[in-house]
$ cat my_file_22.txt   # compact mmCIF, N, CA and C atoms
# COMPACT_ATOMS: atom_id res chain seq x y z
N SER A 1 116.24 79.30 85.92
CA SER A 1 117.22 80.31 86.26
C SER A 1 118.54 79.63 86.66
N LYS A 2 119.59 80.45 86.74
CA LYS A 2 120.91 79.91 87.07
C LYS A 2 120.94 79.32 88.47
N ASN A 3 120.25 79.96 89.41
CA ASN A 3 120.25 79.44 90.78
C ASN A 3 119.55 78.09 90.87
N LYS A 4 118.45 77.93 90.13
CA LYS A 4 117.76 76.63 90.10
C LYS A 4 118.67 75.57 89.49
N TYR A 5 119.40 75.98 88.46
CA TYR A 5 120.33 75.07 87.79
C TYR A 5 121.38 74.58 88.78
N TRP A 6 121.98 75.51 89.52
CA TRP A 6 123.02 75.12 90.48
C TRP A 6 122.42 74.28 91.60
N THR A 7 121.22 74.62 92.06
CA THR A 7 120.56 73.83 93.11
C THR A 7 120.41 72.39 92.66
N LYS A 8 120.05 72.20 91.39
CA LYS A 8 119.89 70.85 90.84
C LYS A 8 121.22 70.11 90.82
N VAL A 9 122.29 70.81 90.47
CA VAL A 9 123.63 70.21 90.46
C VAL A 9 123.96 69.72 91.87
N VAL A 10 123.75 70.56 92.86
CA VAL A 10 124.08 70.20 94.25
C VAL A 10 123.20 69.06 94.75
N GLU A 11 121.89 69.12 94.43
CA GLU A 11 120.97 68.06 94.87
C GLU A 11 121.39 66.70 94.32
N ASN A 12 121.92 66.69 93.09
CA ASN A 12 122.29 65.43 92.45
C ASN A 12 123.67 64.92 92.88
N ALA A 13 124.35 65.70 93.71
CA ALA A 13 125.69 65.31 94.17
C ALA A 13 125.58 64.61 95.52
N THR A 14 126.54 63.76 95.79
CA THR A 14 126.58 63.05 97.08
C THR A 14 127.91 63.35 97.75
N VAL A 15 127.84 63.77 99.00
CA VAL A 15 129.07 63.97 99.78
C VAL A 15 129.37 62.66 100.47
N ILE A 16 130.52 62.10 100.16
CA ILE A 16 130.91 60.83 100.77
C ILE A 16 131.35 61.07 102.22
N LYS A 17 132.10 62.16 102.42
CA LYS A 17 132.59 62.46 103.77
C LYS A 17 132.92 63.94 103.85
N PHE A 18 132.47 64.58 104.94
CA PHE A 18 132.86 65.96 105.18
C PHE A 18 134.25 65.97 105.79
N PRO A 19 135.01 67.06 105.57
CA PRO A 19 136.34 67.13 106.21
C PRO A 19 136.22 66.94 107.72
N ASP A 20 137.21 66.30 108.32
CA ASP A 20 137.19 66.00 109.75
C ASP A 20 136.87 67.24 110.59
N ASN A 21 135.94 67.07 111.49
CA ASN A 21 135.57 68.06 112.51
C ASN A 21 134.94 69.35 111.99
N ILE A 22 134.82 69.53 110.68
CA ILE A 22 134.35 70.82 110.16
C ILE A 22 132.91 71.12 110.59
N ILE A 23 132.05 70.13 110.59
CA ILE A 23 130.65 70.32 110.98
C ILE A 23 130.58 70.59 112.48
N GLU A 24 131.30 69.79 113.24
CA GLU A 24 131.32 69.93 114.70
C GLU A 24 131.83 71.32 115.12
N GLU A 25 132.89 71.80 114.45
CA GLU A 25 133.44 73.12 114.77
C GLU A 25 132.43 74.22 114.45
N TYR A 26 131.72 74.09 113.34
CA TYR A 26 130.69 75.07 112.95
C TYR A 26 129.59 75.12 114.01
N VAL A 27 129.10 73.97 114.40
CA VAL A 27 128.01 73.88 115.39
C VAL A 27 128.49 74.43 116.73
N ASN A 28 129.67 74.02 117.17
CA ASN A 28 130.19 74.48 118.46
C ASN A 28 130.40 76.00 118.49
N ALA A 29 130.81 76.56 117.36
CA ALA A 29 131.00 78.02 117.28
C ALA A 29 129.68 78.74 117.52
N TYR A 30 128.60 78.21 116.93
CA TYR A 30 127.28 78.82 117.15
C TYR A 30 126.80 78.65 118.59
N VAL A 31 127.02 77.47 119.15
CA VAL A 31 126.61 77.22 120.54
C VAL A 31 127.39 78.17 121.46
N ASP A 32 128.69 78.32 121.23
CA ASP A 32 129.50 79.23 122.06
C ASP A 32 129.01 80.67 121.93
N TYR A 33 128.74 81.08 120.71
CA TYR A 33 128.27 82.45 120.45
C TYR A 33 126.97 82.73 121.22
N TYR A 34 126.00 81.81 121.09
CA TYR A 34 124.72 82.02 121.76
C TYR A 34 124.82 81.82 123.27
N SER A 35 125.77 81.03 123.73
CA SER A 35 126.00 80.87 125.17
C SER A 35 126.47 82.20 125.76
N GLN A 36 127.39 82.87 125.05
CA GLN A 36 127.88 84.17 125.51
C GLN A 36 126.75 85.19 125.53
N LEU A 37 125.93 85.20 124.47
CA LEU A 37 124.81 86.13 124.43
C LEU A 37 123.83 85.88 125.57
N SER A 38 123.49 84.61 125.78
CA SER A 38 122.52 84.29 126.84
C SER A 38 123.05 84.71 128.20
N SER A 39 124.35 84.54 128.44
CA SER A 39 124.90 84.94 129.74
C SER A 39 124.88 86.45 129.91
N LEU A 40 125.02 87.19 128.81
CA LEU A 40 124.90 88.65 128.87
C LEU A 40 123.49 89.06 129.32
N TYR A 41 122.50 88.30 128.88
CA TYR A 41 121.12 88.59 129.26
C TYR A 41 120.72 87.95 130.60
N GLY A 42 121.63 87.17 131.15
CA GLY A 42 121.38 86.55 132.45
C GLY A 42 120.34 85.43 132.40
N ILE A 43 120.27 84.74 131.25
CA ILE A 43 119.33 83.62 131.12
C ILE A 43 120.09 82.39 130.64
N THR A 44 119.47 81.23 130.74
CA THR A 44 120.12 80.00 130.29
C THR A 44 120.14 79.96 128.76
N LEU A 45 121.01 79.15 128.24
CA LEU A 45 121.12 79.00 126.79
C LEU A 45 119.79 78.51 126.21
N GLU A 46 119.16 77.54 126.86
CA GLU A 46 117.89 77.00 126.36
C GLU A 46 116.79 78.06 126.39
N GLU A 47 116.79 78.91 127.41
CA GLU A 47 115.81 80.00 127.45
C GLU A 47 116.04 80.95 126.28
N PHE A 48 117.31 81.23 126.03
CA PHE A 48 117.66 82.16 124.94
C PHE A 48 117.27 81.58 123.57
N LEU A 49 117.56 80.30 123.39
CA LEU A 49 117.29 79.65 122.10
C LEU A 49 115.80 79.35 121.90
N GLY A 50 115.11 79.12 123.00
CA GLY A 50 113.70 78.73 122.91
C GLY A 50 113.52 77.27 122.55
N CYS A 51 114.57 76.50 122.72
CA CYS A 51 114.51 75.05 122.46
C CYS A 51 115.66 74.38 123.21
N LYS A 52 115.65 73.04 123.20
CA LYS A 52 116.73 72.30 123.85
C LYS A 52 118.01 72.45 123.02
N VAL A 53 119.15 72.41 123.71
CA VAL A 53 120.44 72.58 123.04
C VAL A 53 120.63 71.51 121.96
N ASP A 54 120.21 70.27 122.24
CA ASP A 54 120.35 69.19 121.26
C ASP A 54 119.56 69.49 119.98
N GLU A 55 118.36 70.08 120.12
CA GLU A 55 117.56 70.44 118.95
C GLU A 55 118.27 71.52 118.14
N PHE A 56 118.83 72.49 118.84
CA PHE A 56 119.56 73.57 118.19
C PHE A 56 120.77 73.01 117.45
N LYS A 57 121.50 72.10 118.10
CA LYS A 57 122.67 71.49 117.47
C LYS A 57 122.29 70.70 116.21
N ALA A 58 121.17 70.00 116.27
CA ALA A 58 120.71 69.23 115.10
C ALA A 58 120.39 70.16 113.95
N LEU A 59 119.74 71.27 114.24
CA LEU A 59 119.40 72.25 113.20
C LEU A 59 120.66 72.86 112.60
N GLN A 60 121.61 73.24 113.45
CA GLN A 60 122.86 73.83 112.97
C GLN A 60 123.68 72.81 112.18
N THR A 61 123.60 71.54 112.56
CA THR A 61 124.31 70.49 111.82
C THR A 61 123.78 70.39 110.40
N LYS A 62 122.45 70.41 110.26
CA LYS A 62 121.83 70.37 108.92
C LYS A 62 122.26 71.56 108.09
N GLU A 63 122.25 72.75 108.72
CA GLU A 63 122.66 73.97 108.01
C GLU A 63 124.11 73.89 107.57
N ALA A 64 124.98 73.43 108.46
CA ALA A 64 126.40 73.32 108.14
C ALA A 64 126.63 72.33 107.01
N GLU A 65 125.93 71.19 107.06
CA GLU A 65 126.11 70.18 106.02
C GLU A 65 125.65 70.72 104.66
N ALA A 66 124.56 71.47 104.65
CA ALA A 66 124.08 72.04 103.39
C ALA A 66 125.08 73.05 102.85
N MET A 67 125.59 73.91 103.72
CA MET A 67 126.54 74.93 103.31
C MET A 67 127.84 74.31 102.79
N TYR A 68 128.38 73.36 103.54
CA TYR A 68 129.64 72.75 103.13
C TYR A 68 129.46 71.85 101.91
N LYS A 69 128.31 71.22 101.77
CA LYS A 69 128.05 70.42 100.57
C LYS A 69 128.11 71.32 99.34
N ASP A 70 127.46 72.47 99.42
CA ASP A 70 127.46 73.42 98.31
C ASP A 70 128.90 73.80 97.94
N GLN A 71 129.72 74.12 98.93
CA GLN A 71 131.11 74.50 98.67
C GLN A 71 131.90 73.34 98.09
N MET A 72 131.73 72.15 98.66
CA MET A 72 132.48 70.99 98.20
C MET A 72 132.13 70.63 96.76
N VAL A 73 130.84 70.71 96.42
CA VAL A 73 130.41 70.42 95.06
C VAL A 73 131.00 71.47 94.11
N LEU A 74 130.95 72.72 94.53
CA LEU A 74 131.51 73.79 93.70
C LEU A 74 132.97 73.51 93.37
N TYR A 75 133.78 73.23 94.39
CA TYR A 75 135.20 72.98 94.16
C TYR A 75 135.44 71.71 93.35
N ALA A 76 134.64 70.69 93.59
CA ALA A 76 134.79 69.44 92.84
C ALA A 76 134.48 69.64 91.36
N VAL A 77 133.40 70.37 91.08
CA VAL A 77 133.02 70.60 89.69
C VAL A 77 134.02 71.53 89.01
N MET A 78 134.50 72.55 89.72
CA MET A 78 135.51 73.44 89.16
C MET A 78 136.77 72.64 88.80
N TYR A 79 137.14 71.73 89.69
CA TYR A 79 138.32 70.90 89.44
C TYR A 79 138.08 70.00 88.23
N ALA A 80 136.92 69.36 88.18
CA ALA A 80 136.60 68.45 87.07
C ALA A 80 136.56 69.20 85.74
N GLU A 81 136.10 70.44 85.77
CA GLU A 81 136.00 71.25 84.56
C GLU A 81 137.33 71.94 84.21
N LYS A 82 138.33 71.78 85.09
CA LYS A 82 139.62 72.47 84.92
C LYS A 82 139.38 73.97 84.76
N TYR A 83 138.45 74.48 85.58
CA TYR A 83 138.04 75.89 85.50
C TYR A 83 139.12 76.80 86.09
N ASP A 84 139.48 77.82 85.34
CA ASP A 84 140.46 78.79 85.81
C ASP A 84 139.74 79.84 86.65
N SER A 85 139.94 79.79 87.96
CA SER A 85 139.22 80.71 88.85
C SER A 85 140.02 81.97 89.16
N THR A 86 141.02 82.26 88.33
CA THR A 86 141.80 83.48 88.52
C THR A 86 140.87 84.68 88.39
N ILE A 87 141.00 85.61 89.31
CA ILE A 87 140.15 86.80 89.29
C ILE A 87 140.84 87.92 88.51
N VAL A 88 140.10 88.45 87.52
CA VAL A 88 140.57 89.63 86.81
C VAL A 88 140.10 90.82 87.67
N GLU A 89 141.05 91.52 88.26
CA GLU A 89 140.73 92.56 89.24
C GLU A 89 139.73 93.59 88.73
N SER A 90 139.90 94.05 87.49
CA SER A 90 138.99 95.07 86.96
C SER A 90 137.56 94.54 86.86
N GLU A 91 137.40 93.27 86.49
CA GLU A 91 136.06 92.66 86.41
C GLU A 91 135.47 92.48 87.81
N TYR A 92 136.31 92.07 88.75
CA TYR A 92 135.86 91.89 90.13
C TYR A 92 135.40 93.23 90.71
N GLU A 93 136.19 94.27 90.48
CA GLU A 93 135.84 95.60 91.01
C GLU A 93 134.53 96.10 90.41
N ALA A 94 134.32 95.85 89.12
CA ALA A 94 133.06 96.26 88.47
C ALA A 94 131.89 95.48 89.08
N TRP A 95 132.10 94.19 89.32
CA TRP A 95 131.06 93.35 89.94
C TRP A 95 130.73 93.87 91.34
N LEU A 96 131.79 94.20 92.10
CA LEU A 96 131.62 94.70 93.46
C LEU A 96 130.88 96.04 93.47
N ASP A 97 131.24 96.94 92.56
CA ASP A 97 130.54 98.23 92.43
C ASP A 97 129.06 98.00 92.14
N ASN A 98 128.78 97.09 91.22
CA ASN A 98 127.40 96.79 90.83
C ASN A 98 126.62 96.20 92.01
N LEU A 99 127.26 95.30 92.74
CA LEU A 99 126.62 94.69 93.92
C LEU A 99 126.31 95.76 94.96
N ALA A 100 127.26 96.65 95.20
CA ALA A 100 127.06 97.73 96.18
C ALA A 100 125.88 98.61 95.76
N LYS A 101 125.81 98.97 94.49
CA LYS A 101 124.69 99.80 94.00
C LYS A 101 123.37 99.06 94.19
N HIS A 102 123.37 97.77 93.84
CA HIS A 102 122.17 96.95 93.95
C HIS A 102 121.67 96.87 95.40
N LEU A 103 122.61 96.83 96.34
CA LEU A 103 122.26 96.71 97.76
C LEU A 103 122.18 98.07 98.45
N ASP A 104 122.34 99.13 97.65
CA ASP A 104 122.29 100.50 98.17
C ASP A 104 123.30 100.67 99.31
N ALA A 105 124.53 100.27 99.03
CA ALA A 105 125.61 100.35 100.01
C ALA A 105 126.87 100.82 99.31
N THR A 106 127.92 101.00 100.07
CA THR A 106 129.21 101.31 99.47
C THR A 106 130.04 100.02 99.43
N VAL A 107 131.07 100.03 98.60
CA VAL A 107 131.96 98.87 98.53
C VAL A 107 132.59 98.64 99.91
N GLU A 108 132.96 99.74 100.58
CA GLU A 108 133.56 99.63 101.92
C GLU A 108 132.60 98.96 102.90
N ASP A 109 131.30 99.31 102.79
CA ASP A 109 130.29 98.67 103.65
C ASP A 109 130.28 97.16 103.43
N LEU A 110 130.31 96.76 102.16
CA LEU A 110 130.26 95.33 101.83
C LEU A 110 131.48 94.60 102.38
N ILE A 111 132.65 95.20 102.19
CA ILE A 111 133.89 94.57 102.66
C ILE A 111 133.85 94.45 104.19
N HIS A 112 133.36 95.50 104.86
CA HIS A 112 133.26 95.47 106.32
C HIS A 112 132.26 94.41 106.78
N GLU A 113 131.12 94.32 106.08
CA GLU A 113 130.04 93.41 106.48
C GLU A 113 130.37 91.94 106.19
N TYR A 114 130.90 91.67 104.99
CA TYR A 114 131.07 90.28 104.54
C TYR A 114 132.52 89.81 104.52
N GLY A 115 133.45 90.73 104.45
CA GLY A 115 134.86 90.35 104.36
C GLY A 115 135.29 90.16 102.92
N GLU A 116 136.51 90.54 102.63
CA GLU A 116 137.06 90.47 101.27
C GLU A 116 137.05 89.04 100.72
N GLU A 117 137.46 88.08 101.55
CA GLU A 117 137.55 86.68 101.09
C GLU A 117 136.17 86.15 100.70
N SER A 118 135.18 86.42 101.53
CA SER A 118 133.81 85.97 101.26
C SER A 118 133.28 86.58 99.96
N LEU A 119 133.54 87.86 99.75
CA LEU A 119 133.09 88.52 98.52
C LEU A 119 133.78 87.94 97.29
N ARG A 120 135.08 87.71 97.40
CA ARG A 120 135.82 87.12 96.27
C ARG A 120 135.29 85.71 95.96
N ASN A 121 135.00 84.94 97.01
CA ASN A 121 134.45 83.59 96.81
C ASN A 121 133.08 83.65 96.13
N THR A 122 132.26 84.62 96.54
CA THR A 122 130.94 84.78 95.93
C THR A 122 131.09 85.14 94.45
N TYR A 123 132.03 86.01 94.16
CA TYR A 123 132.29 86.41 92.77
C TYR A 123 132.70 85.19 91.92
N ILE A 124 133.63 84.41 92.44
CA ILE A 124 134.09 83.20 91.71
C ILE A 124 132.91 82.25 91.50
N TYR A 125 132.11 82.04 92.54
CA TYR A 125 130.94 81.17 92.46
C TYR A 125 130.00 81.65 91.36
N GLU A 126 129.68 82.95 91.34
CA GLU A 126 128.75 83.48 90.34
C GLU A 126 129.31 83.34 88.93
N LYS A 127 130.60 83.63 88.76
CA LYS A 127 131.23 83.49 87.44
C LYS A 127 131.19 82.03 86.98
N PHE A 128 131.45 81.11 87.91
CA PHE A 128 131.47 79.69 87.55
C PHE A 128 130.08 79.17 87.21
N VAL A 129 129.07 79.58 87.99
CA VAL A 129 127.70 79.16 87.69
C VAL A 129 127.28 79.71 86.32
N ASP A 130 127.67 80.95 86.01
CA ASP A 130 127.42 81.52 84.68
C ASP A 130 128.07 80.64 83.61
N TYR A 131 129.33 80.28 83.86
CA TYR A 131 130.07 79.45 82.91
C TYR A 131 129.37 78.11 82.71
N LEU A 132 128.97 77.46 83.79
CA LEU A 132 128.29 76.17 83.68
C LEU A 132 126.97 76.31 82.93
N TYR A 133 126.24 77.36 83.27
CA TYR A 133 124.93 77.59 82.66
C TYR A 133 125.06 77.82 81.16
N GLU A 134 126.12 78.52 80.77
CA GLU A 134 126.31 78.83 79.35
C GLU A 134 126.89 77.66 78.56
N THR A 135 127.62 76.77 79.22
CA THR A 135 128.30 75.70 78.48
C THR A 135 127.63 74.34 78.59
N ARG A 136 126.61 74.22 79.41
CA ARG A 136 125.93 72.94 79.58
C ARG A 136 124.53 73.00 79.02
N VAL A 137 124.11 71.90 78.45
CA VAL A 137 122.75 71.81 77.94
C VAL A 137 121.99 70.90 78.90
N GLU A 138 120.89 71.41 79.42
CA GLU A 138 120.10 70.62 80.35
C GLU A 138 119.19 69.72 79.53
N VAL A 139 119.24 68.44 79.82
CA VAL A 139 118.44 67.48 79.07
C VAL A 139 117.40 66.89 80.00
N GLU A 140 116.15 67.01 79.60
CA GLU A 140 115.07 66.38 80.38
C GLU A 140 114.97 64.93 79.92
N PRO A 141 114.76 64.01 80.86
CA PRO A 141 114.61 62.60 80.43
C PRO A 141 113.37 62.45 79.55
N SER A 142 113.52 61.65 78.51
CA SER A 142 112.36 61.46 77.63
C SER A 142 111.39 60.47 78.28
N PRO A 143 110.09 60.67 78.09
CA PRO A 143 109.13 59.77 78.74
C PRO A 143 109.30 58.35 78.21
N GLU A 144 109.15 57.40 79.10
CA GLU A 144 109.29 55.98 78.71
C GLU A 144 108.10 55.63 77.82
N THR A 145 108.40 54.95 76.75
CA THR A 145 107.29 54.52 75.87
C THR A 145 106.91 53.10 76.25
N SER A 146 105.65 52.89 76.54
CA SER A 146 105.20 51.55 76.92
C SER A 146 104.71 50.81 75.69
N LYS A 147 104.98 49.53 75.68
CA LYS A 147 104.59 48.70 74.51
C LYS A 147 103.32 47.94 74.82

$ encode --input "my_file_22.txt" --output "structure tokens"
Amino acid sequence: SKNKYWTKVVENATVIKFPDNIIEEYVNAYVDYYSQLSSLYGITLEEFLGCKVDEFKALQTKEAEAMYKDQMVLYAVMYAEKYDSTIVESEYEAWLDNLAKHLDATVEDLIHEYGEESLRNTYIYEKFVDYLYETRVEVEPSPETSK
């Protein structure tokens, strides 16, 4: 499937360096969010999380790295392919309508829930993965012949 194809692309890519502070900011935002929630409930952050803060930070760091790696690979491959990511509004709107129907929601619900920018990025991602899937031939390595 297309998702397996993209997963393979990302797995085979190496991130040399994440943008400065991006992972730390992501992790700190989650810690701050859950700190506020725990104080609302009148319990410690560790009680709320059910684990030590350092364990939570390590988990969030892995999640952030996976998410940002996916984005970085996407932009790098789009750049390498000289892919035109211009959105044709009528096609985007049709995609959005279809997504809303599929999720049994309205377009307004989706925009409120995910935000316009996030939806547009998802649309570009799906169009690009379709493009890659249609224009690339996956080659399995041939078995080594022993003499």

$ atom_distance --input "my_file_22.txt" --atom1 "CA of Ala94 in chain A" --atom2 "CA of Tyr133 in chain A"
21.2 Å

$ closest_atom_pairs --input "my_file_22.txt" --of "range 6-102 of chain A" --to "range 108-118 of chain A" --cutoff "10 Å" --atoms "only C-alpha atoms" --output "Markdown table"
| residue | atom | partner | partner_atom | distance |
| --- | --- | --- | --- | --- |
| A:Leu96 | CA | A:Leu110 | CA | 8.5 |
| A:Asp97 | CA | A:Leu110 | CA | 9.8 |
| A:Leu99 | CA | A:Leu110 | CA | 8.7 |
| A:Ala100 | CA | A:Leu110 | CA | 6.9 |

$ residues_around --input "my_file_22.txt" --residues "range 120-131 of chain A" --least-positions-apart "5" --cutoff "7 Å" --atoms "only N, CA and C atoms" --output "PyMOL selection string"
chain A and resi 2+6+85+115+136

$ closest_residue --input "my_file_22.txt" --among "A:Ala58, A:Leu40, A:Val9, A:Leu49" --to "Ile23 in chain A" --atoms "only C-alpha atoms"
A:Ala58

$ closest_residue --input "my_file_22.txt" --among "A:Lys101, A:Val27, A:Glu46, A:Lys4" --to "Leu59 in chain A" --atoms "all atoms listed in the file"
A:Val27

$ residues_around --input "my_file_22.txt" --residues "Val10 in chain A" --least-positions-apart "2" --cutoff "8 Å" --atoms "only C-alpha atoms" --output "number ranges by chain"
A: 6-8, 12-13, 69-70, 73

$ select_by_dssp --input "my_file_22.txt" --residues "chain A" --states "helix (DSSP H, G or I)" --output "number ranges by chain"
A: 2-11, 22-41, 45-49, 53-80, 89-102, 107-114, 116-135

$ atom_distance --input "my_file_22.txt" --atom1 "CA of Tyr68 in chain A" --atom2 "CA of Val15 in chain A"
9.4 Å

$ atom_distance --input "my_file_22.txt" --atom1 "atom N of Asp84 in chain A" --atom2 "CA of Glu65 in chain A"
25.8 Å

$ build_atoms --input "my_file_22.txt" --residues "range 90-110 of chain A" --atoms "N, CA, C and O atoms" --output "tab-separated table (two decimals), keeping the file's coordinate frame"
chain	number	residue	atom	x	y	z
A	90	SER	N	139.90	94.05	87.49
A	90	SER	CA	138.99	95.07	86.96
A	90	SER	C	137.56	94.54	86.86
A	90	SER	O	136.60	95.26	87.15
A	91	GLU	N	137.40	93.27	86.49
A	91	GLU	CA	136.06	92.66	86.41
A	91	GLU	C	135.47	92.48	87.81
A	91	GLU	O	134.28	92.72	88.02
A	92	TYR	N	136.31	92.07	88.75
A	92	TYR	CA	135.86	91.89	90.13
A	92	TYR	C	135.40	93.23	90.71
A	92	TYR	O	134.34	93.31	91.34
A	93	GLU	N	136.19	94.27	90.48
A	93	GLU	CA	135.84	95.60	91.01
A	93	GLU	C	134.53	96.10	90.41
A	93	GLU	O	133.71	96.70	91.11
A	94	ALA	N	134.32	95.85	89.12
A	94	ALA	CA	133.06	96.26	88.47
A	94	ALA	C	131.89	95.48	89.08
A	94	ALA	O	130.83	96.05	89.33
A	95	TRP	N	132.10	94.19	89.32
A	95	TRP	CA	131.06	93.35	89.94
A	95	TRP	C	130.73	93.87	91.34
A	95	TRP	O	129.58	93.99	91.73
A	96	LEU	N	131.79	94.20	92.10
A	96	LEU	CA	131.62	94.70	93.46
A	96	LEU	C	130.88	96.04	93.47
A	96	LEU	O	129.98	96.24	94.29
A	97	ASP	N	131.24	96.94	92.56
A	97	ASP	CA	130.54	98.23	92.43
A	97	ASP	C	129.06	98.00	92.14
A	97	ASP	O	128.19	98.64	92.74
A	98	ASN	N	128.78	97.09	91.22
A	98	ASN	CA	127.40	96.79	90.83
A	98	ASN	C	126.62	96.20	92.01
A	98	ASN	O	125.48	96.57	92.25
A	99	LEU	N	127.26	95.30	92.74
A	99	LEU	CA	126.62	94.69	93.92
A	99	LEU	C	126.31	95.76	94.96
A	99	LEU	O	125.22	95.79	95.53
A	100	ALA	N	127.26	96.65	95.20
A	100	ALA	CA	127.06	97.73	96.18
A	100	ALA	C	125.88	98.61	95.76
A	100	ALA	O	125.01	98.91	96.59
A	101	LYS	N	125.81	98.97	94.49
A	101	LYS	CA	124.69	99.80	94.00
A	101	LYS	C	123.37	99.06	94.19
A	101	LYS	O	122.39	99.63	94.63
A	102	HIS	N	123.37	97.77	93.84
A	102	HIS	CA	122.17	96.95	93.95
A	102	HIS	C	121.67	96.87	95.40
A	102	HIS	O	120.48	96.86	95.67
A	103	LEU	N	122.61	96.83	96.34
A	103	LEU	CA	122.26	96.71	97.76
A	103	LEU	C	122.18	98.07	98.45
A	103	LEU	O	122.00	98.13	99.66
A	104	ASP	N	122.34	99.13	97.65
A	104	ASP	CA	122.29	100.50	98.17
A	104	ASP	C	123.30	100.67	99.31
A	104	ASP	O	122.96	101.12	100.41
A	105	ALA	N	124.53	100.27	99.03
A	105	ALA	CA	125.61	100.35	100.01
A	105	ALA	C	126.87	100.82	99.31
A	105	ALA	O	126.89	100.99	98.09
A	106	THR	N	127.92	101.00	100.07
A	106	THR	CA	129.21	101.31	99.47
A	106	THR	C	130.04	100.02	99.43
A	106	THR	O	129.74	99.07	100.17
A	107	VAL	N	131.07	100.03	98.60
A	107	VAL	CA	131.96	98.87	98.53
A	107	VAL	C	132.59	98.64	99.91
A	107	VAL	O	132.71	97.50	100.36
A	108	GLU	N	132.96	99.74	100.58
A	108	GLU	CA	133.56	99.63	101.92
A	108	GLU	C	132.60	98.96	102.90
A	108	GLU	O	133.02	98.15	103.73
A	109	ASP	N	131.30	99.31	102.79
A	109	ASP	CA	130.29	98.67	103.65
A	109	ASP	C	130.28	97.16	103.43
A	109	ASP	O	130.23	96.38	104.38
A	110	LEU	N	130.31	96.76	102.16
A	110	LEU	CA	130.26	95.33	101.83
A	110	LEU	C	131.48	94.60	102.38
A	110	LEU	O	131.36	93.52	102.95
